[in-house]
$ cat data02.pdb   # PDB, C-alpha atoms
ATOM      1  CA  MET A  13     -21.386   0.051 -28.665  1.00  0.00           C
ATOM      2  CA  GLU A  14     -20.306   3.353 -30.156  1.00  0.00           C
ATOM      3  CA  TRP A  15     -16.555   3.614 -30.242  1.00  0.00           C
ATOM      4  CA  GLU A  16     -16.080   6.043 -33.092  1.00  0.00           C
ATOM      5  CA  ASN A  17     -15.649   9.190 -31.050  1.00  0.00           C
ATOM      6  CA  VAL A  18     -13.028   7.761 -28.750  1.00  0.00           C
ATOM      7  CA  VAL A  19      -9.957   8.435 -30.834  1.00  0.00           C
ATOM      8  CA  ALA A  20      -6.550   9.912 -30.284  1.00  0.00           C
ATOM      9  CA  GLY A  21      -6.668  13.649 -29.861  1.00  0.00           C
ATOM     10  CA  GLN A  22     -10.218  13.739 -28.564  1.00  0.00           C
ATOM     11  CA  ARG A  23     -11.375  13.761 -25.026  1.00  0.00           C
ATOM     12  CA  ALA A  24     -13.318  10.619 -24.329  1.00  0.00           C
ATOM     13  CA  ASP A  25     -16.995  11.077 -23.602  1.00  0.00           C
ATOM     14  CA  PRO A  26     -17.374   9.943 -19.980  1.00  0.00           C
ATOM     15  CA  GLU A  27     -21.049   9.119 -20.310  1.00  0.00           C
ATOM     16  CA  GLN A  28     -20.372   6.889 -23.234  1.00  0.00           C
ATOM     17  CA  ILE A  29     -17.524   5.150 -21.529  1.00  0.00           C
ATOM     18  CA  ASN A  30     -19.688   4.660 -18.470  1.00  0.00           C
ATOM     19  CA  LYS A  31     -22.095   2.811 -20.708  1.00  0.00           C
ATOM     20  CA  ILE A  32     -19.299   0.715 -22.049  1.00  0.00           C
ATOM     21  CA  GLY A  33     -18.449  -0.163 -18.492  1.00  0.00           C
ATOM     22  CA  ASN A  34     -15.180  -1.852 -17.920  1.00  0.00           C
ATOM     23  CA  GLN A  35     -13.654  -1.297 -21.331  1.00  0.00           C
ATOM     24  CA  VAL A  36     -10.713   0.474 -19.802  1.00  0.00           C
ATOM     25  CA  SER A  37      -8.865   0.432 -23.115  1.00  0.00           C
ATOM     26  CA  ALA A  38     -11.177   3.212 -24.282  1.00  0.00           C
ATOM     27  CA  TYR A  39      -9.733   5.664 -21.781  1.00  0.00           C
ATOM     28  CA  LYS A  40      -7.456   8.285 -23.193  1.00  0.00           C
ATOM     29  CA  GLY A  41      -5.124   8.275 -20.270  1.00  0.00           C
ATOM     30  CA  LEU A  42      -4.292   9.893 -16.985  1.00  0.00           C
ATOM     31  CA  ARG A  43      -3.724  13.556 -16.197  1.00  0.00           C
ATOM     32  CA  LEU A  44      -1.938  14.718 -13.068  1.00  0.00           C
ATOM     33  CA  ALA A  45      -4.779  16.914 -11.862  1.00  0.00           C
ATOM     34  CA  ARG A  46      -3.478  17.629  -8.386  1.00  0.00           C
ATOM     35  CA  ARG A  47      -0.155  17.230  -6.614  1.00  0.00           C
ATOM     36  CA  ILE A  48       0.375  18.159  -2.987  1.00  0.00           C
ATOM     37  CA  VAL A  49       3.570  17.980  -0.933  1.00  0.00           C
ATOM     38  CA  LEU A  50       2.941  18.886   2.681  1.00  0.00           C
ATOM     39  CA  THR A  51       5.057  21.631   4.203  1.00  0.00           C
ATOM     40  CA  GLU A  52       3.300  21.414   7.559  1.00  0.00           C
ATOM     41  CA  VAL A  53       2.230  18.585   9.833  1.00  0.00           C
ATOM     42  CA  VAL A  54      -1.528  18.133   9.508  1.00  0.00           C
ATOM     43  CA  SER A  55      -4.293  15.782  10.600  1.00  0.00           C
ATOM     44  CA  SER A  56      -6.299  15.950   7.405  1.00  0.00           C
ATOM     45  CA  ILE A  57      -5.790  16.743   3.712  1.00  0.00           C
ATOM     46  CA  THR A  58      -8.740  18.000   1.684  1.00  0.00           C
ATOM     47  CA  PHE A  59      -8.998  19.265  -1.877  1.00  0.00           C
ATOM     48  CA  ASP A  60     -11.793  19.853  -4.387  1.00  0.00           C
ATOM     49  CA  THR A  61      -9.922  21.712  -7.119  1.00  0.00           C
ATOM     50  CA  ASP A  62      -7.138  20.779  -9.511  1.00  0.00           C
ATOM     51  CA  ASP A  63      -3.718  22.433  -9.634  1.00  0.00           C
ATOM     52  CA  ASP A  64      -5.136  25.186 -11.859  1.00  0.00           C
ATOM     53  CA  GLY A  65      -7.902  25.976  -9.387  1.00  0.00           C
ATOM     54  CA  ASN A  66     -10.696  24.432 -11.415  1.00  0.00           C
ATOM     55  CA  PRO A  67     -13.386  22.489  -9.553  1.00  0.00           C
ATOM     56  CA  LEU A  68     -12.681  18.796  -9.512  1.00  0.00           C
ATOM     57  CA  ASP A  69     -15.013  16.859 -11.778  1.00  0.00           C
ATOM     58  CA  SER A  70     -13.472  13.473 -12.450  1.00  0.00           C
ATOM     59  CA  ARG A  71     -16.231  11.593 -14.170  1.00  0.00           C
ATOM     60  CA  LEU A  72     -14.098   8.578 -14.962  1.00  0.00           C
ATOM     61  CA  GLY A  73     -12.310   8.422 -11.616  1.00  0.00           C
ATOM     62  CA  GLY A  74      -8.558   8.063 -11.564  1.00  0.00           C
ATOM     63  CA  GLU A  75      -5.549   6.951  -9.589  1.00  0.00           C
ATOM     64  CA  LEU A  76      -4.892   8.376  -6.158  1.00  0.00           C
ATOM     65  CA  LEU A  77      -1.516   8.111  -4.464  1.00  0.00           C
ATOM     66  CA  LEU A  78      -0.673   8.992  -0.884  1.00  0.00           C
ATOM     67  CA  SER A  79       2.926   8.462   0.125  1.00  0.00           C
ATOM     68  CA  SER A  80       5.126   9.359   3.038  1.00  0.00           C
ATOM     69  CA  GLY A  81       7.905  10.186   0.581  1.00  0.00           C
ATOM     70  CA  SER A  82      11.271   9.682   2.193  1.00  0.00           C
ATOM     71  CA  ASN A  83      10.127  10.918   5.552  1.00  0.00           C
ATOM     72  CA  ASP A  84      11.314   8.759   8.415  1.00  0.00           C
ATOM     73  CA  SER A  85       9.337  10.244  11.278  1.00  0.00           C
ATOM     74  CA  ILE A  86       5.881   8.943  10.537  1.00  0.00           C
ATOM     75  CA  GLY A  87       3.793   8.064  13.538  1.00  0.00           C
ATOM     76  CA  ASN A  88       3.853   4.336  14.078  1.00  0.00           C
ATOM     77  CA  GLY A  89       0.574   2.702  13.135  1.00  0.00           C
ATOM     78  CA  THR A  90      -1.077   5.878  11.962  1.00  0.00           C
ATOM     79  CA  GLN A  91      -4.464   4.832  10.681  1.00  0.00           C
ATOM     80  CA  VAL A  92      -5.491   6.491   7.422  1.00  0.00           C
ATOM     81  CA  ASN A  93      -9.069   7.093   6.312  1.00  0.00           C
ATOM     82  CA  MET A  94     -10.544   8.511   3.126  1.00  0.00           C
ATOM     83  CA  GLN A  95     -13.762  10.293   2.210  1.00  0.00           C
ATOM     84  CA  LEU A  96     -14.935  10.995  -1.335  1.00  0.00           C
ATOM     85  CA  ASN A  97     -17.350  13.806  -2.203  1.00  0.00           C
ATOM     86  CA  ASP A  98     -17.593  14.644   1.501  1.00  0.00           C
ATOM     87  CA  ILE A  99     -19.971  11.756   2.022  1.00  0.00           C
ATOM     88  CA  LYS A 100     -19.886  10.642   5.622  1.00  0.00           C
ATOM     89  CA  SER A 101     -22.769   8.245   5.906  1.00  0.00           C
ATOM     90  CA  ASN A 102     -21.421   4.927   7.023  1.00  0.00           C
ATOM     91  CA  SER A 103     -24.485   3.161   5.723  1.00  0.00           C
ATOM     92  CA  TYR A 104     -23.920   4.467   2.235  1.00  0.00           C
ATOM     93  CA  TRP A 105     -20.382   3.469   1.460  1.00  0.00           C
ATOM     94  CA  TYR A 106     -20.048  -0.282   1.680  1.00  0.00           C
ATOM     95  CA  ASN A 107     -16.683  -0.705   3.220  1.00  0.00           C
ATOM     96  CA  VAL A 108     -14.399  -3.578   3.910  1.00  0.00           C
ATOM     97  CA  ALA A 109     -13.675  -1.839   7.160  1.00  0.00           C
ATOM     98  CA  SER A 110     -14.464   1.642   8.246  1.00  0.00           C
ATOM     99  CA  ALA A 111     -14.097   4.185  10.994  1.00  0.00           C
ATOM    100  CA  GLY A 112     -15.801   7.492  11.304  1.00  0.00           C
ATOM    101  CA  SER A 113     -18.044   6.968   8.309  1.00  0.00           C
ATOM    102  CA  SER A 114     -15.179   6.791   5.900  1.00  0.00           C
ATOM    103  CA  MET A 115     -13.079   4.280   4.065  1.00  0.00           C
ATOM    104  CA  TYR A 116     -10.327   2.864   6.198  1.00  0.00           C
ATOM    105  CA  ILE A 117      -7.364   2.317   3.937  1.00  0.00           C
ATOM    106  CA  GLY A 118      -4.686   1.090   6.291  1.00  0.00           C
ATOM    107  CA  TYR A 119      -1.752   2.326   8.256  1.00  0.00           C
ATOM    108  CA  MET A 120       1.291   4.444   7.676  1.00  0.00           C
ATOM    109  CA  GLY A 121       4.465   2.561   8.452  1.00  0.00           C
ATOM    110  CA  ASN A 122       7.076   4.504  10.352  1.00  0.00           C
ATOM    111  CA  LEU A 123       9.695   4.226   7.593  1.00  0.00           C
ATOM    112  CA  PHE A 124       7.656   4.384   4.437  1.00  0.00           C
ATOM    113  CA  SER A 125       4.188   3.868   3.123  1.00  0.00           C
ATOM    114  CA  LEU A 126       2.372   4.171  -0.159  1.00  0.00           C
ATOM    115  CA  ASN A 127      -1.395   4.082  -0.369  1.00  0.00           C
ATOM    116  CA  ALA A 128      -2.464   3.478  -3.975  1.00  0.00           C
ATOM    117  CA  ILE A 129      -6.189   3.847  -4.575  1.00  0.00           C
ATOM    118  CA  SER A 130      -7.829   3.153  -7.923  1.00  0.00           C
ATOM    119  CA  ILE A 131     -11.189   4.839  -8.355  1.00  0.00           C
ATOM    120  CA  PHE A 132     -13.500   3.743 -11.148  1.00  0.00           C
ATOM    121  CA  ILE A 133     -16.890   5.108 -12.131  1.00  0.00           C
ATOM    122  CA  LEU A 134     -18.811   2.533 -14.069  1.00  0.00           C
ATOM    123  CA  ASN A 135     -22.406   3.093 -15.081  1.00  0.00           C
ATOM    124  CA  GLY A 136     -23.079   5.431 -12.181  1.00  0.00           C
ATOM    125  CA  VAL A 137     -21.270   3.445  -9.527  1.00  0.00           C
ATOM    126  CA  ALA A 138     -18.054   4.702  -7.988  1.00  0.00           C
ATOM    127  CA  VAL A 139     -15.665   2.007  -6.821  1.00  0.00           C
ATOM    128  CA  ALA A 140     -12.550   2.655  -4.781  1.00  0.00           C
ATOM    129  CA  ARG A 141      -9.953  -0.070  -4.360  1.00  0.00           C
ATOM    130  CA  SER A 142      -6.855   0.413  -2.282  1.00  0.00           C
ATOM    131  CA  THR A 143      -3.620  -1.358  -1.628  1.00  0.00           C
ATOM    132  CA  ILE A 144      -1.135  -0.145   0.938  1.00  0.00           C
ATOM    133  CA  THR A 145       2.527  -0.975   1.027  1.00  0.00           C
ATOM    134  CA  TYR A 146       4.405   0.062   4.126  1.00  0.00           C
ATOM    135  CA  ARG A 147       7.494  -0.615   6.130  1.00  0.00           C
ATOM    136  CA  TYR A 148       8.270  -0.423   9.809  1.00  0.00           C
ATOM    137  CA  ALA A 149      11.607  -0.054  11.530  1.00  0.00           C
ATOM    138  CA  GLY A 150      12.839  -2.251  14.347  1.00  0.00           C
ATOM    139  CA  GLY A 151      11.556  -5.616  13.334  1.00  0.00           C
ATOM    140  CA  GLY A 152       8.356  -4.705  11.590  1.00  0.00           C
ATOM    141  CA  GLY A 153       8.222  -6.208   8.152  1.00  0.00           C
ATOM    142  CA  ASP A 154       7.032  -4.987   4.823  1.00  0.00           C
ATOM    143  CA  ALA A 155       3.349  -5.493   4.391  1.00  0.00           C
ATOM    144  CA  VAL A 156       0.552  -4.967   1.968  1.00  0.00           C
ATOM    145  CA  ARG A 157      -3.034  -4.481   2.970  1.00  0.00           C
ATOM    146  CA  GLY A 158      -6.089  -3.735   0.928  1.00  0.00           C
ATOM    147  CA  GLY A 159      -9.617  -2.485   1.086  1.00  0.00           C
ATOM    148  CA  GLY A 160     -12.448  -1.160  -0.997  1.00  0.00           C
ATOM    149  CA  MET A 161     -15.771   0.579  -1.069  1.00  0.00           C
ATOM    150  CA  THR A 162     -18.484   1.428  -3.534  1.00  0.00           C
ATOM    151  CA  MET A 163     -21.492   3.723  -3.829  1.00  0.00           C
ATOM    152  CA  PRO A 164     -23.664   5.397  -6.470  1.00  0.00           C
ATOM    153  CA  GLN A 165     -21.733   8.431  -7.737  1.00  0.00           C
ATOM    154  CA  THR A 166     -21.207   9.840 -11.217  1.00  0.00           C
ATOM    155  CA  SER A 167     -18.140  11.972 -10.515  1.00  0.00           C
ATOM    156  CA  ILE A 168     -15.400  12.558  -7.976  1.00  0.00           C
ATOM    157  CA  ASN A 169     -15.599  16.170  -6.790  1.00  0.00           C
ATOM    158  CA  SER A 170     -13.643  16.163  -3.554  1.00  0.00           C
ATOM    159  CA  ILE A 171     -11.106  13.973  -1.827  1.00  0.00           C
ATOM    160  CA  ARG A 172     -10.153  13.935   1.817  1.00  0.00           C
ATOM    161  CA  PHE A 173      -7.654  11.938   3.823  1.00  0.00           C
ATOM    162  CA  PHE A 174      -7.476  12.007   7.590  1.00  0.00           C
ATOM    163  CA  VAL A 175      -5.810  10.109  10.352  1.00  0.00           C
ATOM    164  CA  ALA A 176      -7.422   8.731  13.481  1.00  0.00           C
ATOM    165  CA  VAL A 177      -4.235   8.860  15.519  1.00  0.00           C
ATOM    166  CA  GLY A 178      -1.075  10.751  14.676  1.00  0.00           C
ATOM    167  CA  THR A 179      -0.485  13.129  11.795  1.00  0.00           C
ATOM    168  CA  PHE A 180       0.683  13.292   8.211  1.00  0.00           C
ATOM    169  CA  PRO A 181       4.332  14.365   8.278  1.00  0.00           C
ATOM    170  CA  ILE A 182       6.016  17.106   6.316  1.00  0.00           C
ATOM    171  CA  GLY A 183       6.980  15.678   2.945  1.00  0.00           C
ATOM    172  CA  THR A 184       3.838  13.613   2.538  1.00  0.00           C
ATOM    173  CA  VAL A 185       2.994  13.400  -1.163  1.00  0.00           C
ATOM    174  CA  LEU A 186      -0.528  13.222  -2.557  1.00  0.00           C
ATOM    175  CA  GLU A 187      -1.217  12.864  -6.273  1.00  0.00           C
ATOM    176  CA  TRP A 188      -4.545  12.624  -8.065  1.00  0.00           C
ATOM    177  CA  TRP A 189      -4.191  11.230 -11.585  1.00  0.00           C
ATOM    178  CA  GLU A 190      -7.534  11.892 -13.173  1.00  0.00           C
ATOM    179  CA  ARG A 191      -8.709   9.485 -15.847  1.00  0.00           C
ATOM    180  CA  GLY A 192      -9.830  11.225 -18.999  1.00  0.00           C
TER     181      GLY A 192
ATOM    182  CA  MET B  17      -4.943  20.550  15.264  1.00  0.00           C
ATOM    183  CA  ARG B  18      -3.863  21.663  11.795  1.00  0.00           C
ATOM    184  CA  VAL B  19      -5.435  20.699   8.489  1.00  0.00           C
ATOM    185  CA  TYR B  20      -4.610  21.141   4.801  1.00  0.00           C
ATOM    186  CA  ASP B  21      -7.557  22.581   2.884  1.00  0.00           C
ATOM    187  CA  ASN B  22      -7.113  23.298  -0.835  1.00  0.00           C
ATOM    188  CA  GLY B  23      -3.612  24.637  -0.512  1.00  0.00           C
ATOM    189  CA  ILE B  24      -4.161  26.444   2.777  1.00  0.00           C
ATOM    190  CA  TYR B  25      -2.874  25.312   6.149  1.00  0.00           C
ATOM    191  CA  ARG B  26      -5.264  26.288   8.935  1.00  0.00           C
ATOM    192  CA  ASP B  27      -6.535  25.232  12.336  1.00  0.00           C
ATOM    193  CA  ALA B  28      -9.322  22.694  12.313  1.00  0.00           C
ATOM    194  CA  THR B  29     -12.803  23.968  13.064  1.00  0.00           C
ATOM    195  CA  PRO B  30     -14.467  22.679  16.246  1.00  0.00           C
ATOM    196  CA  GLU B  31     -16.677  20.507  14.060  1.00  0.00           C
ATOM    197  CA  GLU B  32     -13.674  18.965  12.315  1.00  0.00           C
ATOM    198  CA  GLU B  33     -11.925  18.347  15.613  1.00  0.00           C
ATOM    199  CA  ALA B  34     -15.038  16.684  16.982  1.00  0.00           C
ATOM    200  CA  GLU B  35     -15.231  14.442  13.946  1.00  0.00           C
ATOM    201  CA  LEU B  36     -11.620  13.367  14.179  1.00  0.00           C
ATOM    202  CA  THR B  37     -11.965  12.771  17.900  1.00  0.00           C
ATOM    203  CA  ALA B  38     -14.984  10.577  17.273  1.00  0.00           C
ATOM    204  CA  ILE B  39     -12.945   8.584  14.795  1.00  0.00           C
ATOM    205  CA  GLN B  40     -10.240   8.029  17.375  1.00  0.00           C
ATOM    206  CA  GLU B  41     -12.821   6.307  19.542  1.00  0.00           C
ATOM    207  CA  GLU B  42     -13.810   4.056  16.681  1.00  0.00           C
ATOM    208  CA  VAL B  43     -10.489   2.486  15.867  1.00  0.00           C
ATOM    209  CA  ILE B  44     -11.512  -1.025  15.063  1.00  0.00           C
ATOM    210  CA  GLU B  45      -8.418  -2.932  14.227  1.00  0.00           C
ATOM    211  CA  ASN B  46      -4.966  -3.321  15.681  1.00  0.00           C
ATOM    212  CA  GLU B  47      -1.924  -3.493  13.509  1.00  0.00           C
ATOM    213  CA  PRO B  48      -0.096  -6.677  14.532  1.00  0.00           C
ATOM    214  CA  ASN B  49       3.270  -5.877  13.065  1.00  0.00           C
ATOM    215  CA  MET B  50       4.374  -2.498  14.279  1.00  0.00           C
ATOM    216  CA  GLY B  51       8.085  -2.029  14.653  1.00  0.00           C
TER     217      GLY B  51
END

$ encode --input "data02.pdb" --output "structure tokens"
Amino acid sequence: MEWENVVAGQRADPEQINKIGNQVSAYKGLRLARRIVLTEVVSSITFDTDDDGNPLDSRLGGELLLSSGSNDSIGNGTQVNMQLNDIKSNSYWYNVASAGSSMYIGYMGNLFSLNAISIFILNGVAVARSTITYRYAGGGGDAVRGGGMTMPQTSINSIRFFVAVGTFPIGTVLEWWERG
Amino acid sequence: MRVYDNGIYRDATPEEEAELTAIQEEVIENEPNMG
């Protein structure tokens, strides 16, 4: 394997790292490519550019965070789904569980929730793995759930979250930490 | 129905509303521990 060009101060070559596969230590690091804090109540959140307006082209994947922040008025049991690259075919993504041709990643608790999704692109295969931590009021306990999906993709170009029932509240935080 | 689209808040298109409505009919799992 060729490691020589993956050194401090250089951008890693995604194609080469894809060949290397799971040698995560070769990655340079994470860049906060996009940060969104909702100022309106919405049913879906979609973006395909970074904070500078450049088209999203995350060829090594990254870390995706979706949190309710400190908001305490989240709809109880709001089911959250995710689509990558606007791909809606249910037969293409191989999901743990799915609804509406998307990746089902769990529920929003009504006190707090954090959906943490790691996305890896390894040798032409995109893998998304999620864990959700959330808390309910009035007797509901803390909980963690998880899910995952995978499909042939060489880059992440758009990300979309949507809810089946309920809405994302004001104050919802979304961060996309692109791996580079 | 409102949506966030690349920094812009707007009303969902009829197609988007139809998609979300279809998803609502597909809810496949019940959360056992809601407060």

$ residues_around --input "data02.pdb" --residues "region 22-27 of chain B" --least-positions-apart "5" --cutoff "7 Å" --atoms "all atoms listed in the file" --output "PyMOL selection string"
(chain A and resi 58-60) or (chain B and resi 17)

$ atom_distance --input "data02.pdb" --atom1 "CA of Ser70 (chain A)" --atom2 "CA of Phe124 (chain A)"
28.5 Å

$ resolve_selection --input "data02.pdb" --expression "the PyMOL selection byres ((chain A and resi 169) around 12)" --output "PyMOL selection string"
chain A and resi 45+58-62+66-74+95-99+138+165-168+170-172+188+190

$ atom_distance --input "data02.pdb" --atom1 "CA of Val53 (chain A)" --atom2 "CA of Tyr146 (chain A)"
19.5 Å

$ residues_around --input "data02.pdb" --residues "Glu187 (chain A)" --least-positions-apart "6" --cutoff "9 Å" --atoms "only C-alpha atoms" --output "PyMOL selection string"
chain A and resi 44-49+75-79

$ atom_distance --input "data02.pdb" --atom1 "CA of Thr29 (chain B)" --atom2 "CA of Pro181 (chain A)"
20.2 Å

$ closest_residue --input "data02.pdb" --among "A:Gly136, A:Gly158, A:Pro164, A:Gly178" --to "chain B" --atoms "all atoms listed in the file"
A:Gly178

$ resolve_selection --input "data02.pdb" --expression "the PyMOL selection byres ((chain A and resi 54) around 8)" --output "list in words"
Glu52, Val53, Ser55, Ser56, Ile57, Thr179, Phe180 and Pro181 of chain A; Met17, Arg18, Val19 and Tyr20 of chain B

$ resolve_selection --input "data02.pdb" --expression "the PyMOL selection byres ((chain A and resi 141) around 6)" --output "PyMOL selection string"
chain A and resi 129-130+140+142+159-160

$ closest_residue --input "data02.pdb" --among "A:Met94, A:Val139, A:Ala128, A:Ala149" --to "chain B" --atoms "all atoms listed in the file"
A:Ala149

$ closest_residue --input "data02.pdb" --among "A:Met161, A:Val185, A:Val137, A:Leu50" --to "chain B" --atoms "only C-alpha atoms"
A:Leu50

$ decode --input "data02.pdb" --residues "region 19-39 of chain B" --atoms "C-alpha atoms" --output "compact mmCIF listing (two decimals), in the first residue's frame"
# COMPACT_ATOMS: atom_id res chain seq x y z
CA VAL B 19 -39.25 22.28 4.91
CA TYR B 20 -35.64 23.42 5.24
CA ASP B 21 -33.85 23.34 1.89
CA ASN B 22 -30.23 24.53 1.75
CA GLY B 23 -30.73 27.42 4.11
CA ILE B 24 -34.18 28.38 2.86
CA TYR B 25 -37.43 27.75 4.69
CA ARG B 26 -40.27 27.11 2.25
CA ASP B 27 -43.53 25.24 1.84
CA ALA B 28 -43.22 21.65 0.72
CA THR B 29 -44.06 20.91 -2.90
CA PRO B 30 -47.07 18.66 -3.54
CA GLU B 31 -44.65 15.89 -4.44
CA GLU B 32 -42.79 16.25 -1.15
CA GLU B 33 -46.03 16.30 0.81
CA ALA B 34 -47.18 13.17 -0.97
CA GLU B 35 -43.93 11.43 -0.14
CA LEU B 36 -44.09 12.32 3.53
CA THR B 37 -47.73 11.29 3.69
CA ALA B 38 -46.84 7.93 2.17
CA ILE B 39 -44.20 7.49 4.83
